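J.: Here you go, this is upload13.tsv (TSV, C-alpha atoms).
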chain	number	residue	atom	x	y	z
F	1	MET	CA	119.55	90.18	48.16
F	2	ASN	CA	120.16	93.68	46.86
F	3	GLN	CA	116.95	95.61	46.21
F	4	SER	CA	114.94	92.46	46.76
F	5	TYR	CA	112.28	94.45	48.61
F	6	LYS	CA	112.48	97.47	46.31
F	7	SER	CA	113.80	99.59	49.14
F	8	GLN	CA	117.37	99.68	50.39
F	9	LEU	CA	116.16	101.04	53.72
F	10	LEU	CA	113.84	98.09	54.25
F	11	ASP	CA	116.50	95.69	52.97
F	12	ASN	CA	118.99	96.98	55.53
F	13	ALA	CA	116.58	96.71	58.43
F	14	VAL	CA	115.51	93.20	57.38
F	15	SER	CA	119.09	92.02	57.06
F	16	GLU	CA	120.10	93.49	60.45
F	17	LEU	CA	117.03	92.04	62.20
F	18	GLY	CA	117.74	88.70	60.52
F	19	LYS	CA	121.11	88.53	62.25
F	20	LEU	CA	119.41	88.15	65.65
F	21	PRO	CA	119.40	84.58	67.00
F	22	GLY	CA	116.25	82.64	66.14
F	23	ILE	CA	115.02	85.29	63.70
F	24	GLY	CA	115.02	84.19	60.08
F	25	ARG	CA	114.53	86.30	57.00
F	26	LYS	CA	110.75	85.87	56.94
F	27	THR	CA	110.34	86.88	60.57
F	28	ALA	CA	112.74	89.78	60.04
F	29	LEU	CA	110.57	91.05	57.18
F	30	ARG	CA	107.45	90.68	59.32
F	31	LEU	CA	109.09	92.68	62.12
F	32	ALA	CA	110.33	95.38	59.74
F	33	LEU	CA	106.88	95.80	58.16
F	34	HIS	CA	105.39	95.90	61.66
F	35	LEU	CA	107.76	98.74	62.56
F	36	LEU	CA	106.68	100.60	59.42
F	37	ARG	CA	103.02	100.30	60.42
F	38	GLN	CA	103.62	101.45	64.02
F	39	ASP	CA	103.88	105.04	65.16
F	40	GLU	CA	107.23	106.47	64.18
F	41	ALA	CA	107.95	107.15	67.86
F	42	GLU	CA	107.74	103.44	68.73
F	43	ALA	CA	110.16	102.35	66.04
F	44	LEU	CA	112.59	105.12	66.98
F	45	ALA	CA	112.33	104.16	70.66
F	46	LEU	CA	113.31	100.60	69.78
F	47	GLY	CA	116.28	101.66	67.69
F	48	GLU	CA	117.46	104.15	70.28
F	49	SER	CA	117.06	101.77	73.22
F	50	ILE	CA	119.35	99.29	71.45
F	51	ILE	CA	121.97	101.92	70.60
F	52	ASN	CA	121.77	103.43	74.08
F	53	MET	CA	122.13	100.10	75.81
F	54	ARG	CA	125.09	99.01	73.71
F	55	LYS	CA	126.88	102.35	74.00
F	56	ASN	CA	126.35	103.03	77.67
F	57	ILE	CA	126.08	99.73	79.47
F	58	ARG	CA	128.79	99.07	82.02
F	59	TYR	CA	129.88	96.07	84.03
F	60	CYS	CA	130.13	95.99	87.79
F	61	ARG	CA	133.73	96.52	88.92
F	62	VAL	CA	133.29	93.85	91.60
F	63	CYS	CA	131.14	91.02	90.19
F	64	HIS	CA	131.04	91.83	86.43
F	65	ASN	CA	127.26	91.88	86.38
F	66	ILE	CA	125.78	94.46	83.99
F	67	SER	CA	125.23	97.78	85.66
F	68	ASP	CA	124.44	101.40	84.89
F	69	THR	CA	126.92	102.42	87.54
F	70	ASP	CA	130.43	101.54	88.68
F	71	THR	CA	129.18	99.00	91.22
F	72	CYS	CA	125.99	97.04	90.49
F	73	ASP	CA	122.84	97.26	92.60
F	74	ILE	CA	123.42	93.80	94.07
F	75	CYS	CA	127.00	94.54	95.19
F	76	ALA	CA	125.89	97.93	96.50
F	77	ASP	CA	122.99	96.41	98.49
F	78	ARG	CA	124.10	96.50	102.14
F	79	THR	CA	121.30	94.10	103.17
F	80	ARG	CA	122.83	91.25	101.17
F	81	ASP	CA	125.25	88.78	102.72
F	82	ASP	CA	128.68	89.63	101.32
F	83	SER	CA	130.26	86.51	102.83
F	84	VAL	CA	128.59	84.22	100.26
F	85	ILE	CA	129.42	84.52	96.57
F	86	CYS	CA	127.49	82.63	93.90
F	87	VAL	CA	129.62	82.01	90.79
F	88	VAL	CA	127.64	82.01	87.53
F	89	GLU	CA	128.58	81.61	83.89
F	90	ASN	CA	126.81	84.68	82.54
F	91	ILE	CA	124.30	87.42	83.27
F	92	LYS	CA	121.37	85.28	82.13
F	93	ASP	CA	122.24	82.66	84.74
F	94	LEU	CA	122.62	85.38	87.36
F	95	LEU	CA	119.07	86.56	86.57
F	96	THR	CA	117.80	82.97	86.74
F	97	VAL	CA	119.41	82.34	90.15
F	98	GLU	CA	118.20	85.75	91.35
F	99	SER	CA	114.63	84.92	90.29
F	100	THR	CA	114.57	81.96	92.73
F	101	HIS	CA	115.02	84.42	95.65
F	102	GLU	CA	117.02	81.68	97.42
F	103	HIS	CA	120.42	83.34	97.21
F	104	LYS	CA	120.86	86.28	99.58
F	105	GLY	CA	124.57	86.78	98.92
F	106	LEU	CA	126.53	88.35	96.09
F	107	TYR	CA	127.52	87.07	92.65
F	108	HIS	CA	130.54	86.65	90.45
F	109	VAL	CA	130.01	86.47	86.68
F	110	LEU	CA	132.73	84.41	84.97
F	111	GLY	CA	131.81	85.38	81.42
F	112	GLY	CA	131.84	81.75	80.26
F	113	VAL	CA	133.16	78.34	81.22
F	114	ILE	CA	136.48	76.66	80.43
F	115	SER	CA	136.12	75.00	77.04
F	116	PRO	CA	139.28	74.01	75.18
F	117	LEU	CA	137.18	73.04	72.12
F	118	ASP	CA	135.84	76.60	71.86
F	119	GLY	CA	139.23	78.06	72.71
F	120	VAL	CA	138.11	79.36	76.11
F	121	SER	CA	140.90	79.08	78.66
F	122	PRO	CA	140.86	80.12	82.35
F	123	SER	CA	142.61	83.38	81.50
F	124	ASP	CA	139.66	84.40	79.29
F	125	LEU	CA	137.36	84.23	82.29
F	126	GLU	CA	136.98	86.33	85.41
F	127	ILE	CA	138.59	83.64	87.56
F	128	GLN	CA	141.59	85.63	88.86
F	129	SER	CA	139.26	88.43	89.99
F	130	LEU	CA	137.25	85.81	91.93
F	131	ILE	CA	140.45	84.55	93.65
F	132	ASP	CA	141.28	88.18	94.45
F	133	ARG	CA	137.87	88.70	96.05
F	134	VAL	CA	138.38	85.63	98.23
F	135	ALA	CA	141.99	86.60	99.01
F	136	ALA	CA	140.76	90.03	100.19
F	137	GLY	CA	139.01	88.17	103.04
F	138	GLY	CA	135.50	88.15	104.47
F	139	VAL	CA	134.19	85.45	102.10
F	140	LYS	CA	132.97	82.31	103.86
F	141	GLU	CA	131.35	80.37	101.04
F	142	ILE	CA	131.59	80.10	97.26
F	143	ILE	CA	128.56	78.52	95.56
F	144	LEU	CA	129.52	77.20	92.12
F	145	ALA	CA	126.27	77.53	90.11
F	146	LEU	CA	127.61	76.44	86.73
F	147	SER	CA	125.80	74.18	84.26
F	148	PRO	CA	126.12	70.44	85.05
F	149	THR	CA	128.05	69.86	81.81
F	150	MET	CA	131.56	68.72	81.01
F	151	GLU	CA	132.69	72.35	80.65
F	152	GLY	CA	130.89	73.40	83.82
F	153	ASP	CA	132.46	70.54	85.77
F	154	THR	CA	135.93	71.35	84.40
F	155	THR	CA	135.47	74.96	85.51
F	156	ASN	CA	134.21	73.85	88.94
F	157	PHE	CA	137.30	71.68	89.34
F	158	TYR	CA	139.68	74.42	88.19
F	159	ILE	CA	138.17	77.04	90.51
F	160	SER	CA	138.07	74.67	93.49
F	161	ARG	CA	141.79	73.91	93.01
F	162	LYS	CA	142.61	77.59	92.77
F	163	LEU	CA	140.66	78.30	95.95
F	164	ALA	CA	142.18	75.39	97.89
F	165	PRO	CA	144.77	77.59	99.68
F	166	TYR	CA	142.03	79.81	101.14
F	167	ASP	CA	139.81	79.17	104.12
F	168	VAL	CA	136.52	79.19	102.22
F	169	ALA	CA	133.74	76.60	101.89
F	170	ILE	CA	132.98	75.58	98.31
F	171	SER	CA	129.60	74.12	97.34
F	172	ILE	CA	127.96	73.16	94.05
F	173	LEU	CA	124.29	72.92	93.10
F	174	ALA	CA	122.49	69.71	94.11
F	175	ARG	CA	122.06	67.35	91.17
F	176	GLY	CA	119.18	64.93	90.75
F	177	VAL	CA	115.80	64.32	89.21
F	178	SER	CA	113.87	67.46	88.21
F	179	ILE	CA	110.96	68.35	90.47
F	180	GLY	CA	107.61	67.89	88.72
F	181	ASN	CA	109.06	65.79	85.88
F	182	ASP	CA	107.85	62.25	85.28
F	183	LEU	CA	110.60	59.78	86.13
F	184	GLU	CA	110.30	58.13	82.71
F	185	TYR	CA	111.58	61.34	81.08
F	186	THR	CA	114.64	61.60	83.31
F	187	ASP	CA	117.90	60.71	81.56
F	188	GLU	CA	119.72	57.65	82.86
F	189	VAL	CA	122.88	59.43	83.98
F	190	THR	CA	120.92	61.83	86.17
F	191	LEU	CA	118.77	59.02	87.53
F	192	ALA	CA	121.81	56.83	88.28
F	193	ARG	CA	123.50	59.69	90.16
F	194	SER	CA	120.25	60.41	92.03
F	195	ILE	CA	120.23	56.83	93.26
F	196	ILE	CA	123.90	56.89	94.28
F	197	ASN	CA	123.45	60.25	96.03
F	198	ARG	CA	120.07	59.39	97.57
F	199	VAL	CA	119.17	61.27	100.76
F	200	PRO	CA	117.28	60.11	103.89
F	201	TYR	CA	113.51	60.59	103.61
F	202	LYS	CA	112.36	63.15	106.12
P	1	MET	CA	109.38	95.86	85.99
P	2	ASN	CA	111.53	98.79	87.08
P	3	GLN	CA	115.13	97.75	87.71
P	4	SER	CA	114.17	94.11	87.38
P	5	TYR	CA	117.40	93.42	85.48
P	6	LYS	CA	119.48	95.75	87.62
P	7	SER	CA	120.10	98.01	84.62
P	8	GLN	CA	117.71	100.61	83.29
P	9	LEU	CA	119.45	100.45	79.91
P	10	LEU	CA	118.88	96.71	79.61
P	11	ASP	CA	115.33	97.09	80.95
P	12	ASN	CA	114.52	99.64	78.25
P	13	ALA	CA	115.91	97.54	75.43
P	14	VAL	CA	114.09	94.42	76.69
P	15	SER	CA	110.81	96.25	77.01
P	16	GLU	CA	111.10	97.79	73.51
P	17	LEU	CA	112.11	94.48	71.92
P	18	GLY	CA	109.24	92.79	73.75
P	19	LYS	CA	106.76	95.06	71.95
P	20	LEU	CA	107.57	93.37	68.63
P	21	PRO	CA	104.95	90.86	67.48
P	22	GLY	CA	105.72	87.28	68.49
P	23	ILE	CA	108.52	88.33	70.83
P	24	GLY	CA	107.79	87.79	74.50
P	25	ARG	CA	109.75	89.02	77.46
P	26	LYS	CA	112.00	85.97	77.66
P	27	THR	CA	112.96	86.17	73.98
P	28	ALA	CA	113.44	89.93	74.30
P	29	LEU	CA	115.91	89.36	77.14
P	30	ARG	CA	117.73	86.72	75.10
P	31	LEU	CA	118.01	89.14	72.15
P	32	ALA	CA	119.19	92.01	74.36
P	33	LEU	CA	121.88	89.85	76.01
P	34	HIS	CA	122.91	88.64	72.54
P	35	LEU	CA	123.32	92.27	71.44
P	36	LEU	CA	125.48	92.91	74.50
P	37	ARG	CA	127.75	89.97	73.61
P	38	GLN	CA	128.09	91.00	69.96
P	39	ASP	CA	130.52	93.56	68.61
P	40	GLU	CA	129.29	97.04	69.42
P	41	ALA	CA	129.22	97.84	65.69
P	42	GLU	CA	126.63	95.13	65.02
P	43	ALA	CA	124.24	96.28	67.70
P	44	LEU	CA	124.58	99.90	66.56
P	45	ALA	CA	123.97	98.85	62.94
P	46	LEU	CA	120.72	97.20	63.98
P	47	GLY	CA	119.52	100.20	65.95
P	48	GLU	CA	120.47	102.62	63.21
P	49	SER	CA	118.94	100.57	60.40
P	50	ILE	CA	115.59	100.63	62.24
P	51	ILE	CA	115.75	104.38	62.90
P	52	ASN	CA	116.90	105.07	59.34
P	53	MET	CA	114.19	102.99	57.78
P	54	ARG	CA	111.42	104.51	59.88
P	55	LYS	CA	112.62	108.08	59.38
P	56	ASN	CA	113.41	107.97	55.68
P	57	ILE	CA	111.12	105.42	54.09
P	58	ARG	CA	108.72	106.81	51.52
P	59	TYR	CA	105.72	105.47	49.71
P	60	CYS	CA	105.36	105.40	45.94
P	61	ARG	CA	103.24	108.33	44.75
P	62	VAL	CA	101.52	106.04	42.24
P	63	CYS	CA	100.95	102.63	43.85
P	64	HIS	CA	101.76	103.31	47.55
P	65	ASN	CA	104.38	100.58	47.67
P	66	ILE	CA	107.34	101.34	49.91
P	67	SER	CA	110.09	103.13	48.07
P	68	ASP	CA	113.31	105.04	48.62
P	69	THR	CA	112.26	107.44	45.88
P	70	ASP	CA	109.19	109.35	44.74
P	71	THR	CA	108.11	106.57	42.37
P	72	CYS	CA	108.87	102.96	43.27
P	73	ASP	CA	111.12	100.67	41.21
P	74	ILE	CA	108.15	98.68	39.92
P	75	CYS	CA	106.19	101.73	38.71
P	76	ALA	CA	109.39	103.18	37.22
P	77	ASP	CA	110.19	99.91	35.38
P	78	ARG	CA	109.39	100.60	31.69
P	79	THR	CA	109.51	96.87	30.86
P	80	ARG	CA	106.44	96.15	32.98
P	81	ASP	CA	102.92	96.16	31.57
P	82	ASP	CA	101.25	99.33	32.88
P	83	SER	CA	97.85	98.28	31.53
P	84	VAL	CA	97.40	95.63	34.25
P	85	ILE	CA	97.18	96.62	37.91
P	86	CYS	CA	97.21	94.07	40.70
P	87	VAL	CA	95.41	95.35	43.82
P	88	VAL	CA	96.87	94.07	47.10
P	89	GLU	CA	96.06	94.67	50.76
P	90	ASN	CA	99.55	95.53	51.92
P	91	ILE	CA	103.25	95.53	51.08
P	92	LYS	CA	103.70	91.99	52.39
P	93	ASP	CA	101.11	90.71	49.92
P	94	LEU	CA	102.76	92.69	47.13
P	95	LEU	CA	106.05	90.94	47.90
P	96	THR	CA	104.30	87.56	47.98
P	97	VAL	CA	102.62	88.14	44.58
P	98	GLU	CA	105.89	89.50	43.19
P	99	SER	CA	107.75	86.38	44.37
P	100	THR	CA	105.56	84.21	42.11
P	101	HIS	CA	106.95	86.06	39.04
P	102	GLU	CA	103.53	85.59	37.40
P	103	HIS	CA	102.43	89.21	37.45
P	104	LYS	CA	104.19	91.40	34.89
P	105	GLY	CA	102.05	94.51	35.47
P	106	LEU	CA	101.96	97.16	38.19
P	107	TYR	CA	100.48	97.17	41.69
P	108	HIS	CA	98.19	99.21	43.88
P	109	VAL	CA	98.55	98.88	47.65
P	110	LEU	CA	95.24	99.57	49.44
P	111	GLY	CA	96.70	99.75	52.95
P	112	GLY	CA	94.08	97.35	54.32
P	113	VAL	CA	90.63	95.95	53.56
P	114	ILE	CA	87.17	97.27	54.39
P	115	SER	CA	86.31	96.04	57.88
P	116	PRO	CA	83.49	97.77	59.77
P	117	LEU	CA	84.32	95.74	62.90
P	118	ASP	CA	87.84	97.17	62.97
P	119	GLY	CA	86.58	100.62	61.97
P	120	VAL	CA	88.17	100.51	58.51
P	121	SER	CA	85.97	102.24	55.95
P	122	PRO	CA	86.66	102.72	52.21
P	123	SER	CA	87.87	106.28	52.82
P	124	ASP	CA	90.68	104.91	55.03
P	125	LEU	CA	92.03	102.95	52.08
P	126	GLU	CA	93.73	103.95	48.83
P	127	ILE	CA	90.58	103.19	46.81
P	128	GLN	CA	89.95	106.67	45.37
P	129	SER	CA	93.53	106.81	44.10
P	130	LEU	CA	92.93	103.47	42.36
P	131	ILE	CA	89.78	104.86	40.67
P	132	ASP	CA	91.83	107.91	39.64
P	133	ARG	CA	94.48	105.69	38.06
P	134	VAL	CA	91.82	103.85	36.07
P	135	ALA	CA	90.04	107.12	35.16
P	136	ALA	CA	93.32	108.49	33.81
P	137	GLY	CA	93.06	105.80	31.10
P	138	GLY	CA	95.39	103.14	29.74
P	139	VAL	CA	94.41	100.47	32.27
P	140	LYS	CA	92.89	97.33	30.72
P	141	GLU	CA	92.68	94.98	33.67
P	142	ILE	CA	92.45	95.17	37.44
P	143	ILE	CA	93.42	91.98	39.29
P	144	LEU	CA	91.92	91.94	42.79
P	145	ALA	CA	94.43	89.91	44.80
P	146	LEU	CA	92.85	90.31	48.23
P	147	SER	CA	92.50	87.58	50.85
P	148	PRO	CA	89.53	85.24	50.29
P	149	THR	CA	87.91	86.40	53.53
P	150	MET	CA	84.70	88.24	54.37
P	151	GLU	CA	86.59	91.55	54.47
P	152	GLY	CA	88.47	90.80	51.26
P	153	ASP	CA	85.25	89.90	49.48
P	154	THR	CA	83.53	93.05	50.73
P	155	THR	CA	86.43	95.13	49.44
P	156	ASN	CA	86.39	93.28	46.10
P	157	PHE	CA	82.67	94.03	45.78
P	158	TYR	CA	83.08	97.70	46.72
P	159	ILE	CA	85.95	98.26	44.27
P	160	SER	CA	84.18	96.43	41.44
P	161	ARG	CA	81.10	98.64	41.91
P	162	LYS	CA	83.24	101.77	41.94
P	163	LEU	CA	84.99	100.66	38.74
P	164	ALA	CA	81.75	99.70	36.95
P	165	PRO	CA	81.52	102.99	35.00
P	166	TYR	CA	84.96	102.41	33.45
P	167	ASP	CA	85.92	100.18	30.54
P	168	VAL	CA	88.24	97.91	32.51
P	169	ALA	CA	88.26	94.14	33.02
P	170	ILE	CA	88.15	93.07	36.66
P	171	SER	CA	89.41	89.67	37.76
P	172	ILE	CA	89.96	87.96	41.11
P	173	LEU	CA	92.31	85.17	42.13
P	174	ALA	CA	91.16	81.64	41.33
P	175	ARG	CA	89.84	79.86	44.41
P	176	GLY	CA	90.01	76.14	44.99
P	177	VAL	CA	91.93	73.33	46.63
P	178	SER	CA	95.56	74.11	47.47
P	179	ILE	CA	98.11	72.46	45.21
P	180	GLY	CA	100.12	69.79	47.04
P	181	ASN	CA	97.68	69.56	49.97
P	182	ASP	CA	95.93	66.31	50.80
P	183	LEU	CA	92.22	66.63	50.05
P	184	GLU	CA	91.33	65.45	53.56
P	185	TYR	CA	92.87	68.64	55.00
P	186	THR	CA	90.91	70.96	52.70
P	187	ASP	CA	88.08	72.82	54.45
P	188	GLU	CA	84.57	72.00	53.29
P	189	VAL	CA	83.67	75.48	52.02
P	190	THR	CA	86.71	75.56	49.72
P	191	LEU	CA	86.07	72.00	48.56
P	192	ALA	CA	82.38	72.71	47.88
P	193	ARG	CA	83.27	75.80	45.82
P	194	SER	CA	85.93	73.83	43.96
P	195	ILE	CA	83.29	71.32	42.92
P	196	ILE	CA	80.81	74.02	41.87
P	197	ASN	CA	83.51	75.87	39.92
P	198	ARG	CA	85.13	72.74	38.48
P	199	VAL	CA	87.03	73.22	35.21
P	200	PRO	CA	87.38	70.93	32.16
P	201	TYR	CA	90.32	68.51	32.45
P	202	LYS	CA	92.95	69.27	29.88
As structure tokens, please, write out the structure in this file.
T.:
Amino acid sequence: MNQSYKSQLLDNAVSELGKLPGIGRKTALRLALHLLRQDEAEALALGESIINMRKNIRYCRVCHNISDTDTCDICADRTRDDSVICVVENIKDLLTVESTHEHKGLYHVLGGVISPLDGVSPSDLEIQSLIDRVAAGGVKEIILALSPTMEGDTTNFYISRKLAPYDVAISILARGVSIGNDLEYTDEVTLARSIINRVPYK
Amino acid sequence: MNQSYKSQLLDNAVSELGKLPGIGRKTALRLALHLLRQDEAEALALGESIINMRKNIRYCRVCHNISDTDTCDICADRTRDDSVICVVENIKDLLTVESTHEHKGLYHVLGGVISPLDGVSPSDLEIQSLIDRVAAGGVKEIILALSPTMEGDTTNFYISRKLAPYDVAISILARGVSIGNDLEYTDEVTLARSIINRVPYK
């Protein structure tokens, strides 16, 4: 790999870009050569935005969402309903839920799901801080918006047991056939559960 | 777009990453969140390698290849044949030709091809410096390794006319059916020219 592109500077940039997920060595080279063709200011802006983000980003003290401040914009928003907390696995899921505009309450970012195979135990996640938020009072409902996977279900179960002593409603996302998808492409497990959990036609 | 991810730092990084070719906003967000999950050192290394490359990269005084030094490794390599110069459009093409290990001579990077539609005229390219290299003597052959497109052909024609006064052989890449490709997928123009320019079977 050394000196393969006749420039150590290019080599370094290609190898760093190639570490990004989904970006192979060929794409990394294409990106690096693109940055060399662009205005210097653009390439520097990219490099600096990455360094700046990584150095200065903070996490909300309350919900562990990313934030530029001590408390994130969502937690600080007085118009949101602070009696409903939506529990998500990570920031990406928070953004996805937020983009539906259906959740008017606050969030709680776990930072993962319980997964013994990957060595993730409850203590690695922000579960205790969620219990603390509920214990502090004022929370009426916890919406568990975790992935409908084995790990997600395990985490749902663990959290619901932990919250059992508190007077709080716990709900999970509805599961069933995807809207707009042809039934023939629906997996059998989902379809079977959709039949078992069928709802009256309104 | 402002504050769409509840963090100006993340917003900036996503918008800069999204300017890269082939990287849309969704991928940019995925990359930015990946960088936030990684060790800080890795994200900083990426940012710094980009800034370093863009600030410090130089171009070979002779052939205009990228280089960390005044003269690139290829031009400085005494074992290479300096009587044969392969003319390429850009650094990517130079790397592609170099990866075939079939060219033992030097290179000359034009920085583009003549393209009136895109406003690229001969004076925008490193054509005069190529003439100067030939005029300086010692060059026996110029291999024009430009793309077999209208613009490439125009550039080939222009360079060959400019080099006419000099005692130098000019060659272009062989054109014909791609090796390993089924004939039914070969375009008709290429196939027609392959028939016209057919060669004796050895």
J.: Can you tell me which residues surround stretch 150-165 of chain F at a distance of at most 7 Å, considering only C-alpha atoms, apart from same-chain residues fewer than 4 positions away, and format the answer as an mmCIF file with C-alpha atoms, in the frame of the given file?
T.:
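Ended up saving to selection24.cif:
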data_model
loop_
_atom_site.group_PDB
_atom_site.id
_atom_site.type_symbol
_atom_site.label_atom_id
_atom_site.label_comp_id
_atom_site.auth_asym_id
_atom_site.auth_seq_id
_atom_site.Cartn_x
_atom_site.Cartn_y
_atom_site.Cartn_z
ATOM 1 C CA VAL F 113 133.160 78.340 81.220
ATOM 2 C CA ILE F 114 136.480 76.660 80.430
ATOM 3 C CA SER F 115 136.120 75.000 77.040
ATOM 4 C CA ILE F 131 140.450 84.550 93.650
ATOM 5 C CA LEU F 144 129.520 77.200 92.120
ATOM 6 C CA LEU F 146 127.610 76.440 86.730
#
J.: Please list as a PyMOL selection string every residue within 12 Å of F:Thr79, counting only C-alpha atoms and excluding residues in the same chain fewer than 6 positions away.
T.: chain F and resi 73+104-106
J.: For the interface of chain P with chain F (cut-off 8 Å, counting all atoms listed in the file), please tabulate each contacting residue of chain P alongside its nearest pair of atoms and their separation in Å to one decimal, rows sorted by chain and increasing number, as JSON lines.
T.:
{"residue": "P:Tyr5", "atom": "CA", "partner": "F:Leu95", "partner_atom": "CA", "distance": 7.1}
{"residue": "P:Lys6", "atom": "CA", "partner": "F:Asp73", "partner_atom": "CA", "distance": 6.2}
{"residue": "P:Ser7", "atom": "CA", "partner": "F:Ser67", "partner_atom": "CA", "distance": 5.2}
{"residue": "P:Gln8", "atom": "CA", "partner": "F:Asp68", "partner_atom": "CA", "distance": 7.0}
{"residue": "P:Leu9", "atom": "CA", "partner": "F:Met53", "partner_atom": "CA", "distance": 4.9}
{"residue": "P:Leu10", "atom": "CA", "partner": "F:Met53", "partner_atom": "CA", "distance": 6.0}
{"residue": "P:Asn12", "atom": "CA", "partner": "F:Ser49", "partner_atom": "CA", "distance": 6.0}
{"residue": "P:Ala13", "atom": "CA", "partner": "F:Ser49", "partner_atom": "CA", "distance": 4.9}
{"residue": "P:Glu16", "atom": "CA", "partner": "F:Leu46", "partner_atom": "CA", "distance": 5.2}
{"residue": "P:Leu17", "atom": "CA", "partner": "F:Leu46", "partner_atom": "CA", "distance": 6.6}
{"residue": "P:Leu20", "atom": "CA", "partner": "F:Leu31", "partner_atom": "CA", "distance": 6.7}
{"residue": "P:Pro21", "atom": "CA", "partner": "F:Leu31", "partner_atom": "CA", "distance": 7.0}
{"residue": "P:Leu31", "atom": "CA", "partner": "F:Leu20", "partner_atom": "CA", "distance": 6.7}
{"residue": "P:Ala32", "atom": "CA", "partner": "F:Ile50", "partner_atom": "CA", "distance": 7.8}
{"residue": "P:Leu33", "atom": "CA", "partner": "F:Lys92", "partner_atom": "CA", "distance": 7.7}
{"residue": "P:His34", "atom": "CA", "partner": "F:Pro21", "partner_atom": "CA", "distance": 7.7}
{"residue": "P:Leu35", "atom": "CA", "partner": "F:Arg54", "partner_atom": "CA", "distance": 7.3}
{"residue": "P:Leu36", "atom": "CA", "partner": "F:Arg54", "partner_atom": "CA", "distance": 6.2}
{"residue": "P:Glu40", "atom": "CA", "partner": "F:Arg54", "partner_atom": "CA", "distance": 6.3}
{"residue": "P:Ala43", "atom": "CA", "partner": "F:Arg54", "partner_atom": "CA", "distance": 6.7}
{"residue": "P:Leu44", "atom": "CA", "partner": "F:Ile51", "partner_atom": "CA", "distance": 5.2}
{"residue": "P:Ala45", "atom": "CA", "partner": "F:Glu16", "partner_atom": "CA", "distance": 7.1}
{"residue": "P:Leu46", "atom": "CA", "partner": "F:Glu16", "partner_atom": "CA", "distance": 5.2}
{"residue": "P:Gly47", "atom": "CA", "partner": "F:Gly47", "partner_atom": "CA", "distance": 4.0}
{"residue": "P:Glu48", "atom": "CA", "partner": "F:Gly47", "partner_atom": "CA", "distance": 6.2}
{"residue": "P:Ser49", "atom": "CA", "partner": "F:Ala13", "partner_atom": "CA", "distance": 4.9}
{"residue": "P:Ile50", "atom": "CA", "partner": "F:Ala13", "partner_atom": "CA", "distance": 5.6}
{"residue": "P:Ile51", "atom": "CA", "partner": "F:Leu44", "partner_atom": "CA", "distance": 5.2}
{"residue": "P:Asn52", "atom": "CA", "partner": "F:Leu9", "partner_atom": "CA", "distance": 7.0}
{"residue": "P:Met53", "atom": "CA", "partner": "F:Leu9", "partner_atom": "CA", "distance": 4.9}
{"residue": "P:Arg54", "atom": "CA", "partner": "F:Leu36", "partner_atom": "CA", "distance": 6.2}
{"residue": "P:Lys55", "atom": "CA", "partner": "F:Glu40", "partner_atom": "CA", "distance": 7.4}
{"residue": "P:Asn56", "atom": "CA", "partner": "F:Leu9", "partner_atom": "CA", "distance": 7.7}
{"residue": "P:Ile57", "atom": "CA", "partner": "F:Leu9", "partner_atom": "CA", "distance": 6.7}
{"residue": "P:Ile66", "atom": "CA", "partner": "F:Ser7", "partner_atom": "CA", "distance": 6.7}
{"residue": "P:Ser67", "atom": "CA", "partner": "F:Ser7", "partner_atom": "CA", "distance": 5.2}
{"residue": "P:Asp68", "atom": "CA", "partner": "F:Ser7", "partner_atom": "CA", "distance": 5.5}
{"residue": "P:Cys72", "atom": "CA", "partner": "F:Lys6", "partner_atom": "CA", "distance": 7.2}
{"residue": "P:Asp73", "atom": "CA", "partner": "F:Lys6", "partner_atom": "CA", "distance": 6.2}
{"residue": "P:Ile74", "atom": "CA", "partner": "F:Lys6", "partner_atom": "CA", "distance": 7.8}
{"residue": "P:Ile91", "atom": "CA", "partner": "F:Leu33", "partner_atom": "CA", "distance": 8.0}
{"residue": "P:Lys92", "atom": "CA", "partner": "F:Leu33", "partner_atom": "CA", "distance": 7.6}
{"residue": "P:Leu95", "atom": "CA", "partner": "F:Tyr5", "partner_atom": "CA", "distance": 7.2}
J.: Axis-aligned box over every listed atom of stretch 124-140 of chain P, padded by 8 Å per side: centre and edges in Å to one decimal, as AutoDock Vina command-line options?
T.:
--center_x 92.6 --center_y 102.9 --center_z 42.4 --size_x 21.6 --size_y 27.2 --size_z 41.3
J.: Between atom CA of P:Leu130 and atom CA of P:Tyr107, what is the spacing in Å?
T.: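 Separation of atom CA of P:Tyr107 and atom CA of P:Leu130: 9.9 Å.
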J.: Could you rebuild stretch 114-119 of chain F with N, CA and C atoms and give me the result as a tab-separated table (two decimals), in the frame of the given file?
T.:
chain	number	residue	atom	x	y	z
F	114	ILE	N	135.27	77.15	81.10
F	114	ILE	CA	136.48	76.66	80.43
F	114	ILE	C	136.07	75.65	79.36
F	115	SER	N	136.50	75.88	78.14
F	115	SER	CA	136.12	75.00	77.04
F	115	SER	C	137.22	75.00	75.99
F	116	PRO	N	138.15	74.04	76.11
F	116	PRO	CA	139.28	74.01	75.18
F	116	PRO	C	138.81	73.92	73.72
F	117	LEU	N	137.68	73.19	73.49
F	117	LEU	CA	137.18	73.04	72.12
F	117	LEU	C	136.78	74.37	71.52
F	118	ASP	N	136.23	75.28	72.35
F	118	ASP	CA	135.84	76.60	71.86
F	118	ASP	C	136.95	77.62	72.07
F	119	GLY	N	138.10	77.15	72.52
F	119	GLY	CA	139.23	78.06	72.71
F	119	GLY	C	139.08	78.97	73.92
